[in-house]
$ cat target_39.tsv   # TSV, N, CA and C atoms
chain	number	residue	atom	x	y	z
R	23	MET	N	-15.01	2.80	6.30
R	23	MET	CA	-13.84	3.28	5.56
R	23	MET	C	-13.01	2.07	5.12
R	24	VAL	N	-12.46	2.18	3.95
R	24	VAL	CA	-11.60	1.14	3.39
R	24	VAL	C	-10.33	1.06	4.22
R	25	ASP	N	-9.87	-0.15	4.52
R	25	ASP	CA	-8.60	-0.28	5.22
R	25	ASP	C	-7.49	-0.59	4.22
R	26	ALA	N	-6.26	-0.50	4.68
R	26	ALA	CA	-5.10	-0.66	3.80
R	26	ALA	C	-5.10	-2.02	3.12
R	27	GLN	N	-5.39	-3.07	3.86
R	27	GLN	CA	-5.34	-4.41	3.29
R	27	GLN	C	-6.37	-4.61	2.19
R	28	GLU	N	-7.56	-4.04	2.38
R	28	GLU	CA	-8.60	-4.14	1.36
R	28	GLU	C	-8.15	-3.46	0.07
R	29	LEU	N	-7.55	-2.30	0.19
R	29	LEU	CA	-7.05	-1.58	-0.98
R	29	LEU	C	-5.93	-2.37	-1.67
R	30	ILE	N	-4.99	-2.84	-0.89
R	30	ILE	CA	-3.86	-3.60	-1.44
R	30	ILE	C	-4.34	-4.87	-2.12
R	31	ASP	N	-5.28	-5.58	-1.51
R	31	ASP	CA	-5.82	-6.80	-2.11
R	31	ASP	C	-6.52	-6.52	-3.43
R	32	CYS	N	-7.25	-5.41	-3.48
R	32	CYS	CA	-7.95	-5.03	-4.71
R	32	CYS	C	-6.94	-4.81	-5.84
R	33	VAL	N	-5.87	-4.10	-5.55
R	33	VAL	CA	-4.84	-3.84	-6.57
R	33	VAL	C	-4.13	-5.13	-6.97
R	34	ALA	N	-3.82	-5.98	-6.00
R	34	ALA	CA	-3.10	-7.22	-6.28
R	34	ALA	C	-3.88	-8.16	-7.19
R	35	ARG	N	-5.21	-8.09	-7.15
R	35	ARG	CA	-6.02	-8.97	-8.00
R	35	ARG	C	-5.81	-8.70	-9.49
R	36	TYR	N	-5.50	-7.46	-9.86
R	36	TYR	CA	-5.31	-7.17	-11.28
R	36	TYR	C	-3.86	-6.81	-11.62
R	37	ASN	N	-3.05	-6.55	-10.61
R	37	ASN	CA	-1.66	-6.17	-10.87
R	37	ASN	C	-0.73	-6.90	-9.90
R	38	PRO	N	-0.33	-8.11	-10.25
R	38	PRO	CA	0.53	-8.89	-9.35
R	38	PRO	C	1.92	-8.26	-9.14
R	39	LYS	N	2.30	-7.33	-10.01
R	39	LYS	CA	3.60	-6.67	-9.86
R	39	LYS	C	3.51	-5.41	-9.01
R	40	SER	N	2.33	-5.12	-8.50
R	40	SER	CA	2.13	-3.94	-7.66
R	40	SER	C	3.02	-4.00	-6.42
R	41	SER	N	3.46	-2.86	-5.96
R	41	SER	CA	4.29	-2.79	-4.76
R	41	SER	C	3.41	-2.65	-3.53
R	42	ARG	N	3.17	-3.77	-2.88
R	42	ARG	CA	2.35	-3.77	-1.66
R	42	ARG	C	2.97	-2.86	-0.60
R	43	ALA	N	4.29	-2.91	-0.49
R	43	ALA	CA	4.97	-2.09	0.52
R	43	ALA	C	4.78	-0.61	0.24
R	44	LEU	N	4.86	-0.21	-1.01
R	44	LEU	CA	4.70	1.19	-1.37
R	44	LEU	C	3.26	1.66	-1.14
R	45	LEU	N	2.29	0.83	-1.51
R	45	LEU	CA	0.89	1.17	-1.27
R	45	LEU	C	0.61	1.31	0.23
R	46	LEU	N	1.13	0.39	1.01
R	46	LEU	CA	0.94	0.45	2.46
R	46	LEU	C	1.60	1.68	3.05
R	47	SER	N	2.79	1.99	2.58
R	47	SER	CA	3.51	3.16	3.06
R	47	SER	C	2.72	4.45	2.76
R	48	ALA	N	2.19	4.54	1.54
R	48	ALA	CA	1.41	5.72	1.15
R	48	ALA	C	0.13	5.82	1.98
R	49	PHE	N	-0.53	4.69	2.20
R	49	PHE	CA	-1.74	4.67	3.01
R	49	PHE	C	-1.44	5.17	4.42
R	50	ASN	N	-0.39	4.61	5.02
R	50	ASN	CA	-0.03	4.99	6.39
R	50	ASN	C	0.39	6.46	6.47
R	51	TYR	N	1.10	6.94	5.47
R	51	TYR	CA	1.52	8.33	5.44
R	51	TYR	C	0.30	9.26	5.41
R	52	GLY	N	-0.63	8.98	4.51
R	52	GLY	CA	-1.84	9.80	4.43
R	52	GLY	C	-2.65	9.76	5.70
R	53	GLN	N	-2.78	8.59	6.27
R	53	GLN	CA	-3.54	8.45	7.52
R	53	GLN	C	-2.87	9.24	8.64
R	54	GLU	N	-1.56	9.17	8.71
R	54	GLU	CA	-0.82	9.90	9.75
R	54	GLU	C	-0.96	11.42	9.57
R	55	LYS	N	-0.83	11.89	8.35
R	55	LYS	CA	-0.88	13.34	8.09
R	55	LYS	C	-2.27	13.93	8.31
R	56	HIS	N	-3.30	13.12	8.20
R	56	HIS	CA	-4.66	13.62	8.37
R	56	HIS	C	-5.28	13.21	9.70
R	57	GLU	N	-4.47	12.63	10.57
R	57	GLU	CA	-4.99	12.18	11.86
R	57	GLU	C	-5.58	13.37	12.64
R	58	GLY	N	-6.76	13.15	13.17
R	58	GLY	CA	-7.41	14.19	13.96
R	58	GLY	C	-8.23	15.17	13.14
R	59	GLN	N	-8.10	15.14	11.82
R	59	GLN	CA	-8.88	16.04	10.96
R	59	GLN	C	-10.23	15.38	10.65
R	60	LEU	N	-11.28	16.17	10.76
R	60	LEU	CA	-12.62	15.65	10.49
R	60	LEU	C	-13.29	16.43	9.38
R	61	ARG	N	-14.15	15.76	8.64
R	61	ARG	CA	-14.96	16.41	7.62
R	61	ARG	C	-16.12	17.10	8.34
R	62	ARG	N	-16.84	17.95	7.68
R	62	ARG	CA	-17.98	18.61	8.29
R	62	ARG	C	-19.00	17.61	8.83
R	63	SER	N	-19.07	16.47	8.18
R	63	SER	CA	-20.01	15.42	8.58
R	63	SER	C	-19.59	14.74	9.88
R	64	GLY	N	-18.34	14.97	10.28
R	64	GLY	CA	-17.83	14.35	11.49
R	64	GLY	C	-17.00	13.11	11.24
R	65	GLU	N	-17.02	12.62	10.01
R	65	GLU	CA	-16.21	11.44	9.71
R	65	GLU	C	-14.75	11.87	9.48
R	66	PRO	N	-13.82	10.94	9.64
R	66	PRO	CA	-12.40	11.29	9.44
R	66	PRO	C	-12.14	11.82	8.04
R	67	TYR	N	-11.30	12.84	7.94
R	67	TYR	CA	-10.97	13.43	6.64
R	67	TYR	C	-10.39	12.37	5.70
R	68	PHE	N	-9.59	11.49	6.23
R	68	PHE	CA	-8.90	10.49	5.41
R	68	PHE	C	-9.87	9.55	4.70
R	69	SER	N	-11.11	9.49	5.13
R	69	SER	CA	-12.06	8.59	4.48
R	69	SER	C	-12.25	8.95	3.00
R	70	HIS	N	-12.19	10.23	2.66
R	70	HIS	CA	-12.38	10.63	1.27
R	70	HIS	C	-11.19	10.23	0.38
R	71	PRO	N	-9.95	10.59	0.73
R	71	PRO	CA	-8.84	10.18	-0.14
R	71	PRO	C	-8.73	8.66	-0.31
R	72	VAL	N	-8.98	7.92	0.75
R	72	VAL	CA	-8.86	6.47	0.62
R	72	VAL	C	-10.02	5.89	-0.20
R	73	SER	N	-11.18	6.52	-0.15
R	73	SER	CA	-12.30	6.09	-1.00
R	73	SER	C	-11.98	6.35	-2.48
R	74	VAL	N	-11.37	7.49	-2.76
R	74	VAL	CA	-10.96	7.80	-4.13
R	74	VAL	C	-9.91	6.80	-4.60
R	75	ALA	N	-8.96	6.47	-3.74
R	75	ALA	CA	-7.94	5.48	-4.10
R	75	ALA	C	-8.58	4.14	-4.43
R	76	MET	N	-9.60	3.76	-3.69
R	76	MET	CA	-10.29	2.49	-3.93
R	76	MET	C	-11.03	2.53	-5.27
R	77	ILE	N	-11.65	3.65	-5.58
R	77	ILE	CA	-12.34	3.79	-6.88
R	77	ILE	C	-11.32	3.62	-8.02
R	78	LEU	N	-10.16	4.24	-7.88
R	78	LEU	CA	-9.13	4.11	-8.90
R	78	LEU	C	-8.63	2.68	-9.02
R	79	ALA	N	-8.51	2.00	-7.87
R	79	ALA	CA	-8.09	0.59	-7.89
R	79	ALA	C	-9.14	-0.26	-8.59
R	80	GLU	N	-10.40	0.01	-8.34
R	80	GLU	CA	-11.48	-0.73	-9.01
R	80	GLU	C	-11.48	-0.47	-10.52
R	81	GLN	N	-10.95	0.68	-10.93
R	81	GLN	CA	-10.82	0.99	-12.35
R	81	GLN	C	-9.50	0.48	-12.93
R	82	LYS	N	-8.74	-0.21	-12.08
R	82	LYS	CA	-7.48	-0.87	-12.46
R	82	LYS	C	-6.39	0.09	-12.90
R	83	LEU	N	-6.28	1.20	-12.19
R	83	LEU	CA	-5.21	2.15	-12.48
R	83	LEU	C	-3.89	1.68	-11.86
R	84	ASP	N	-2.82	2.32	-12.25
R	84	ASP	CA	-1.49	1.96	-11.79
R	84	ASP	C	-1.24	2.44	-10.35
R	85	ASP	N	-0.17	1.91	-9.76
R	85	ASP	CA	0.18	2.24	-8.38
R	85	ASP	C	0.33	3.75	-8.18
R	86	ALA	N	1.01	4.44	-9.10
R	86	ALA	CA	1.27	5.86	-8.94
R	86	ALA	C	-0.03	6.65	-8.85
R	87	SER	N	-1.01	6.32	-9.66
R	87	SER	CA	-2.29	7.02	-9.63
R	87	SER	C	-3.02	6.78	-8.31
R	88	ILE	N	-2.99	5.55	-7.85
R	88	ILE	CA	-3.67	5.20	-6.59
R	88	ILE	C	-2.98	5.89	-5.43
R	89	ILE	N	-1.68	5.89	-5.41
R	89	ILE	CA	-0.93	6.54	-4.33
R	89	ILE	C	-1.19	8.05	-4.33
R	90	THR	N	-1.28	8.63	-5.48
R	90	THR	CA	-1.54	10.07	-5.58
R	90	THR	C	-2.90	10.42	-4.98
R	91	ALA	N	-3.87	9.55	-5.16
R	91	ALA	CA	-5.21	9.78	-4.60
R	91	ALA	C	-5.13	9.86	-3.09

$ encode --input "target_39.tsv" --output "structure tokens"
Amino acid sequence: MVDAQELIDCVARYNPKSSRALLLSAFNYGQEKHEGQLRRSGEPYFSHPVSVAMILAEQKLDDASIITA
């Protein structure tokens, strides 16, 4: 699973004005709200939203789109 720093670093490479604090806050919020939830496969539920956020970051989307993911 992607960790917060990996996601933030990916965004920072193409958007130096990105809010690292806001991205970290959103990551931590999502992780906290989905703690203990598992997918049918047994992996943490949060693995999917954070993977989607990473895909959006790789496509160089804005902070709001990544946070929404």

$ atom_distance --input "target_39.tsv" --atom1 "CA of His56 (chain R)" --atom2 "CA of Tyr36 (chain R)"
28.6 Å

$ atom_distance --input "target_39.tsv" --atom1 "CA of Phe68 (chain R)" --atom2 "CA of Gln53 (chain R)"
6.1 Å

$ residues_around --input "target_39.tsv" --residues "Ser41 (chain R)" --least-positions-apart "3" --cutoff "8 Å" --atoms "only C-alpha atoms" --output "number ranges by chain"
R: 44-45, 85

$ atom_distance --input "target_39.tsv" --atom1 "CA of Gln59 (chain R)" --atom2 "atom C of Ala86 (chain R)"
23.6 Å

$ axis_aligned_box --input "target_39.tsv" --around "region 82-87 of chain R" --padding-each-side "6 Å" --output "lines of an AutoDock Vina configuration file"
center_x = -3.7
center_y = 3.1
center_z = -10.5
size_x = 22.0
size_y = 19.9
size_z = 16.7

$ build_atoms --input "target_39.tsv" --residues "region 67-78 of chain R" --atoms "all heavy atoms" --output "PDB file, keeping the file's coordinate frame"
ATOM      1  N   TYR R  67     -11.300  12.840   7.940  1.00  0.00           N
ATOM      2  CA  TYR R  67     -10.970  13.430   6.640  1.00  0.00           C
ATOM      3  C   TYR R  67     -10.390  12.370   5.700  1.00  0.00           C
ATOM      4  O   TYR R  67     -10.695  12.358   4.514  1.00  0.00           O
ATOM      5  CB  TYR R  67      -9.961  14.573   6.804  1.00  0.00           C
ATOM      6  CG  TYR R  67      -9.558  15.143   5.459  1.00  0.00           C
ATOM      7  CD1 TYR R  67     -10.351  16.093   4.827  1.00  0.00           C
ATOM      8  CD2 TYR R  67      -8.424  14.692   4.797  1.00  0.00           C
ATOM      9  CE1 TYR R  67     -10.022  16.588   3.574  1.00  0.00           C
ATOM     10  CE2 TYR R  67      -8.086  15.179   3.545  1.00  0.00           C
ATOM     11  CZ  TYR R  67      -8.877  16.122   2.940  1.00  0.00           C
ATOM     12  OH  TYR R  67      -8.552  16.598   1.699  1.00  0.00           O
ATOM     13  N   PHE R  68      -9.590  11.490   6.230  1.00  0.00           N
ATOM     14  CA  PHE R  68      -8.900  10.490   5.410  1.00  0.00           C
ATOM     15  C   PHE R  68      -9.870   9.550   4.700  1.00  0.00           C
ATOM     16  O   PHE R  68      -9.480   8.887   3.736  1.00  0.00           O
ATOM     17  CB  PHE R  68      -7.901   9.718   6.262  1.00  0.00           C
ATOM     18  CG  PHE R  68      -6.991   8.819   5.476  1.00  0.00           C
ATOM     19  CD1 PHE R  68      -6.121   9.331   4.534  1.00  0.00           C
ATOM     20  CD2 PHE R  68      -7.008   7.448   5.675  1.00  0.00           C
ATOM     21  CE1 PHE R  68      -5.280   8.503   3.800  1.00  0.00           C
ATOM     22  CE2 PHE R  68      -6.172   6.613   4.959  1.00  0.00           C
ATOM     23  CZ  PHE R  68      -5.308   7.137   4.023  1.00  0.00           C
ATOM     24  N   SER R  69     -11.110   9.490   5.130  1.00  0.00           N
ATOM     25  CA  SER R  69     -12.060   8.590   4.480  1.00  0.00           C
ATOM     26  C   SER R  69     -12.250   8.950   3.000  1.00  0.00           C
ATOM     27  O   SER R  69     -12.438   8.058   2.167  1.00  0.00           O
ATOM     28  CB  SER R  69     -13.405   8.592   5.210  1.00  0.00           C
ATOM     29  OG  SER R  69     -14.023   9.862   5.131  1.00  0.00           O
ATOM     30  N   HIS R  70     -12.190  10.230   2.660  1.00  0.00           N
ATOM     31  CA  HIS R  70     -12.380  10.630   1.270  1.00  0.00           C
ATOM     32  C   HIS R  70     -11.190  10.230   0.380  1.00  0.00           C
ATOM     33  O   HIS R  70     -11.396   9.555  -0.642  1.00  0.00           O
ATOM     34  CB  HIS R  70     -12.645  12.127   1.156  1.00  0.00           C
ATOM     35  CG  HIS R  70     -12.800  12.593  -0.256  1.00  0.00           C
ATOM     36  ND1 HIS R  70     -13.930  12.336  -1.006  1.00  0.00           N
ATOM     37  CD2 HIS R  70     -11.961  13.268  -1.066  1.00  0.00           C
ATOM     38  CE1 HIS R  70     -13.760  12.839  -2.212  1.00  0.00           C
ATOM     39  NE2 HIS R  70     -12.581  13.410  -2.280  1.00  0.00           N
ATOM     40  N   PRO R  71      -9.950  10.590   0.730  1.00  0.00           N
ATOM     41  CA  PRO R  71      -8.840  10.180  -0.140  1.00  0.00           C
ATOM     42  C   PRO R  71      -8.730   8.660  -0.310  1.00  0.00           C
ATOM     43  O   PRO R  71      -8.455   8.179  -1.418  1.00  0.00           O
ATOM     44  CB  PRO R  71      -7.594  10.732   0.570  1.00  0.00           C
ATOM     45  CG  PRO R  71      -8.097  11.817   1.447  1.00  0.00           C
ATOM     46  CD  PRO R  71      -9.496  11.459   1.811  1.00  0.00           C
ATOM     47  N   VAL R  72      -8.980   7.920   0.750  1.00  0.00           N
ATOM     48  CA  VAL R  72      -8.860   6.470   0.620  1.00  0.00           C
ATOM     49  C   VAL R  72     -10.020   5.890  -0.200  1.00  0.00           C
ATOM     50  O   VAL R  72      -9.840   4.918  -0.938  1.00  0.00           O
ATOM     51  CB  VAL R  72      -8.693   5.781   1.999  1.00  0.00           C
ATOM     52  CG1 VAL R  72      -9.999   5.676   2.742  1.00  0.00           C
ATOM     53  CG2 VAL R  72      -8.079   4.409   1.844  1.00  0.00           C
ATOM     54  N   SER R  73     -11.180   6.520  -0.150  1.00  0.00           N
ATOM     55  CA  SER R  73     -12.300   6.090  -1.000  1.00  0.00           C
ATOM     56  C   SER R  73     -11.980   6.350  -2.480  1.00  0.00           C
ATOM     57  O   SER R  73     -12.283   5.520  -3.345  1.00  0.00           O
ATOM     58  CB  SER R  73     -13.586   6.803  -0.615  1.00  0.00           C
ATOM     59  OG  SER R  73     -14.013   6.394   0.661  1.00  0.00           O
ATOM     60  N   VAL R  74     -11.370   7.490  -2.760  1.00  0.00           N
ATOM     61  CA  VAL R  74     -10.960   7.800  -4.130  1.00  0.00           C
ATOM     62  C   VAL R  74      -9.910   6.800  -4.600  1.00  0.00           C
ATOM     63  O   VAL R  74      -9.976   6.296  -5.731  1.00  0.00           O
ATOM     64  CB  VAL R  74     -10.438   9.247  -4.238  1.00  0.00           C
ATOM     65  CG1 VAL R  74      -9.832   9.518  -5.610  1.00  0.00           C
ATOM     66  CG2 VAL R  74     -11.554  10.238  -3.935  1.00  0.00           C
ATOM     67  N   ALA R  75      -8.960   6.470  -3.740  1.00  0.00           N
ATOM     68  CA  ALA R  75      -7.940   5.480  -4.100  1.00  0.00           C
ATOM     69  C   ALA R  75      -8.580   4.140  -4.430  1.00  0.00           C
ATOM     70  O   ALA R  75      -8.182   3.458  -5.384  1.00  0.00           O
ATOM     71  CB  ALA R  75      -6.940   5.329  -2.960  1.00  0.00           C
ATOM     72  N   MET R  76      -9.600   3.760  -3.690  1.00  0.00           N
ATOM     73  CA  MET R  76     -10.290   2.490  -3.930  1.00  0.00           C
ATOM     74  C   MET R  76     -11.030   2.530  -5.270  1.00  0.00           C
ATOM     75  O   MET R  76     -11.009   1.552  -6.022  1.00  0.00           O
ATOM     76  CB  MET R  76     -11.251   2.183  -2.785  1.00  0.00           C
ATOM     77  CG  MET R  76     -11.822   0.805  -2.844  1.00  0.00           C
ATOM     78  SD  MET R  76     -10.518  -0.428  -2.644  1.00  0.00           S
ATOM     79  CE  MET R  76     -11.491  -1.901  -2.677  1.00  0.00           C
ATOM     80  N   ILE R  77     -11.650   3.650  -5.580  1.00  0.00           N
ATOM     81  CA  ILE R  77     -12.340   3.790  -6.880  1.00  0.00           C
ATOM     82  C   ILE R  77     -11.320   3.620  -8.020  1.00  0.00           C
ATOM     83  O   ILE R  77     -11.586   2.924  -8.997  1.00  0.00           O
ATOM     84  CB  ILE R  77     -13.058   5.151  -6.976  1.00  0.00           C
ATOM     85  CG1 ILE R  77     -14.266   5.170  -6.035  1.00  0.00           C
ATOM     86  CG2 ILE R  77     -13.478   5.448  -8.423  1.00  0.00           C
ATOM     87  CD1 ILE R  77     -14.874   6.549  -5.832  1.00  0.00           C
ATOM     88  N   LEU R  78     -10.160   4.240  -7.880  1.00  0.00           N
ATOM     89  CA  LEU R  78      -9.130   4.110  -8.900  1.00  0.00           C
ATOM     90  C   LEU R  78      -8.630   2.680  -9.020  1.00  0.00           C
ATOM     91  O   LEU R  78      -8.359   2.185 -10.116  1.00  0.00           O
ATOM     92  CB  LEU R  78      -7.968   5.073  -8.620  1.00  0.00           C
ATOM     93  CG  LEU R  78      -8.318   6.557  -8.651  1.00  0.00           C
ATOM     94  CD1 LEU R  78      -7.074   7.393  -8.374  1.00  0.00           C
ATOM     95  CD2 LEU R  78      -8.968   6.951  -9.961  1.00  0.00           C
TER      96      LEU R  78
END
